[in-house]
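Q: To start, I am sharing the structure in question, which I have written as structure tokens.
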Amino acid sequence: MTIGPGRDGYAALVIDFRRLPVTVRDAPPALVILVAAVVPALHRYATQVGDLPDRPYDVLTVAVLAFECAPLVVRRKWPALGLALVVVGFAVDQLRAYHTVGGWALPLALVSASVHIGHRRRTVMIFLTAAYVPLAIGLDRLGSGEGVVGFVTFYLAMALAWGIGSWVRQTRLAETERRLRVAEATRAAERSRIARELHDVVTHHVTAMVVQAESARYLTAAPGKLEETLTAVTDTGRRAIADLRQLLDLLNPDHGTEPRAPSAGDLPALVEQTRRAGQPVEFSEEGVRAESAGSTELTAFRVVQEALTNALKYDHGGATAVRVRHGERELTVEVTTDGTGSGAASPGGSGRGLAGLRERVEALGGDFSAGRRAGGGFSVAARIPR
């Protein structure tokens with residue numbers, strides 16, 4: 001049997017409370033102090049400065065309590081004004097020797113004001129110090145036995161309340177700054193990731209289309225071969241559009257499902273597409289492919305994709321080999337060319353692709369290498385932990 005709201009009910013109540021205006025949310029402490037001030041049993045816990053004999057409550061006491069407690073309702077909305085009113089009420093409370101529990105409102109107002117006052121903090125501190133001096137003098141002339149030590153001790157206690165508020169404020173500002181830095185770093189990492197994806201997808205497909213279009217120039221005497229080449233250009237363009245739509249879906253906050261990322265299982269199709277672009281590619285695969293595509297699979301696909309793109313650019317027509325080995329703990333890929341092809345028909349590259357691949361692989365704790373082979377051609381290899 002359950003009595004009262006469950007966990008979800010309490011969570012809903014907390015959410016609803018946070019949606020209330022700030023003045024409503026700040027009202028409970030003011031009400032608690034006000035109620036405590038009229039409870040006779042709590043009078044002995046009242047704040048007393050000056051050690052003057054207690055005066056019985058009268059009509060003016062109501063106004064004093066109103067000045068001390070009511071401003072707590074606006075302690076976050078108008079912190080300086082709220083603090084000033086509490087100070088006035090507290091000063092009258094002590095000078096009239098009511099010594100109400102409403103004096104508890106002063107340290108609370110000091111902490112809150114120190115937290116929420118952003119500008120002119122020094123002015124507020126000077127005002128509070130200047131206001132305390134005549135209060136101490138007035139209490140002394142009324143016969144206070146507090147002495148200098150007592151007045152200084154109370155001042156330091158109130159300064160401590162202000163310092164606690166300053167510490168809370170600095171902590172919040174530091175946390176806000178940290179969150180901003182994290183958010184900026186996250187945005188930068190996401191922009192970098194999207195840039196790499198766009199580079200990998202667009203460069204590969206467009207390079208294949210350029211190579212195929214260049215080859216079509218020399219096939220006017222063979223209509224059948226020309227038609228096959230133009231069909232391959234069309235198919236490559238459609239794949240490029242489909243891949244770009246997937247990336248754009250990632251940028252759309254309203255997209256319903258996450259587009260499927262390519263994996264090592266898509267490498268045979270990638271190799272076949274490269275062959276249709278006129279690149280002779282030998283493909284070999286060892287081991288058992290992983291059942292689910294993850295970061296390792298995606299990175300392996302991008303490594304092969306970028307290496308085949310470079311083969312089309314700089315060694316078009318040269319023998320190319322793609323070797324993939326699926327291990328229990330790592331996935332290894334290697335793409336090599338023999339350097340017998342031609343790159344005259346391809347545009348130059350920026351080098352961003354290989355740098356992006358190195359970042360991808362090293363981020364997963366793997367090894368990446370790329371460079372010219374001793375016997376000619378180029379080699380790209382990556383070992384990617386699972």
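Order determines the names: the first chain of the structure tokens is A, the second B, and so forth; residues in each chain are numbered 1 upward, and ligands are numbered 1 upward as they are shown.
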Under the rule of at most 8 Å, produce a per-residue listing of stretch 53-101 of chain A near stretch 18-23 of chain A: chain, number, name, the closest pair of atoms, and the distance in Å, as a tab-separated table, using only C-alpha atoms.

A:
residue	atom	partner	partner_atom	distance
A:Val73	CA	A:Thr23	CA	5.2
A:Val74	CA	A:Thr23	CA	5.6
A:Arg76	CA	A:Val22	CA	7.4
A:Lys77	CA	A:Thr23	CA	7.1

Q: Extract, using only C-alpha atoms, all DNA, RNA and protein residues at most 10 Å from A:Arg360, discarding same-chain residues fewer than 2 positions from it, and format them as JSON, numbers by chain.

A: {"A": [193, 196, 295, 296, 298, 299, 300, 302, 303, 354, 355, 356, 357, 358, 362, 363, 364, 365, 366, 367, 368, 384]}

Q: Compare A:Gln279, A:Gln305, A:Leu83, A:Glu285 by their minimum atom-to-atom distance to A:Asp338, counting only C-alpha atoms, and give me the closest one.

A: A:Gln279

Q: Pick out the closest residue to A:Ala157 from this set: A:Glu282, A:Val333, A:Val182, A:Leu110. Count only C-alpha atoms.

A: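 Of all the options, A:Leu110 lies closest to A:Ala157.
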
Q: Taking 5 positions as the minimum chain separation for residues in the same chain, which residues sit within 6 Å of stretch 37-41 of chain A when counting only C-alpha atoms? Answer as an MDAnalysis selection string.

A: chainID A and resid 100:102

Q: Between atom CA of A:His99 and atom CA of A:Arg44, what is the spacing in Å?

A: 8.9 Å

Q: Based on DSSP run over this structure's backbone, return all residues of stretch 64-126 of chain A in alpha helix (DSSP H), as JSON, numbers by chain.

A: {"A": [64, 65, 66, 67, 68, 69, 79, 80, 81, 82, 83, 84, 85, 86, 87, 88, 89, 90, 91, 92, 93, 94, 95, 105, 106, 107, 108, 109, 110, 111, 112, 113, 114, 115, 116, 121, 122, 123, 124, 125, 126]}

Q: To one decimal place in Å, what is the distance between atom CA of A:Asn310 and atom CA of A:Pro268?

A: 17.7 Å

Q: Quick one: residues within 8 Å of stretch 57-72 of chain A, only C-alpha atoms counted, chain neighbours fewer than 4 positions away excluded, as an MDAnalysis selection string?

A: chainID A and resid 26:27 29:31 33:34 37 81:83 85:90 92:93 98 100 102:103 105:106 109

Q: So how many Å separate atom CA of A:Val35 and atom CA of A:Thr47, to one decimal?

A: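 Answer for the atom CA of A:Val35 to atom CA of A:Thr47 separation: 15.4 Å.
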
Q: Find the spatial neighbours of A:Leu142, counting only C-alpha atoms, within a cut-off of 12 Å - ignore same-chain residues fewer than 4 positions away - and output them as a PyMOL selection string.

A: chain A and resi 49-53+94-97+135-138+146

Q: Next, dump the selected residues to file, keeping only C-alpha atoms, as a short mmCIF file (atom, residue, chain, number, x, y, z; two decimals), in the first residue's frame.

A:
data_model
loop_
_atom_site.label_atom_id
_atom_site.label_comp_id
_atom_site.auth_asym_id
_atom_site.auth_seq_id
_atom_site.Cartn_x
_atom_site.Cartn_y
_atom_site.Cartn_z
CA VAL A 49 23.18 43.25 19.31
CA GLY A 50 23.94 45.77 22.03
CA ASP A 51 22.73 43.76 25.03
CA LEU A 52 19.86 46.20 25.74
CA PRO A 53 16.93 45.09 27.92
CA GLN A 94 17.87 46.40 17.66
CA LEU A 95 17.46 50.09 18.49
CA ARG A 96 13.96 49.46 19.84
CA ALA A 97 15.28 46.34 21.62
CA LEU A 135 23.85 51.54 14.50
CA ALA A 136 26.70 50.64 16.84
CA ILE A 137 27.00 54.24 18.02
CA GLY A 138 23.25 54.47 18.61
CA GLU A 146 28.49 45.27 24.11
#

Q: Quick one: everything within 8 Å of A:Trp162, counting only C-alpha atoms, minus sequence neighbours fewer than 3 positions away in the same chain. Send it as a PyMOL selection string.

A: chain A and resi 107+110-111+113-114+158-159+165-166

Q: Calculated over only C-alpha atoms, which of the candidates A:Ser112, A:Thr340, A:Gly377, A:Pro79 has the smallest distance to A:Trp167?

A: A:Ser112

Q: Counting only C-alpha atoms, which residues in stretch 252-320 of chain A sit no more than 7 Å from stretch 325-328 of chain A? For each one, give the nearest pair of atoms and the distance in Å, sorted by chain then residue number, as a Markdown table.

A:
| residue | atom | partner | partner_atom | distance |
| --- | --- | --- | --- | --- |
| A:Glu285 | CA | A:Arg325 | CA | 5.8 |
| A:Glu286 | CA | A:Arg325 | CA | 4.6 |
| A:Gly287 | CA | A:His326 | CA | 4.6 |
| A:Val288 | CA | A:His326 | CA | 5.8 |
| A:Arg289 | CA | A:His326 | CA | 6.0 |
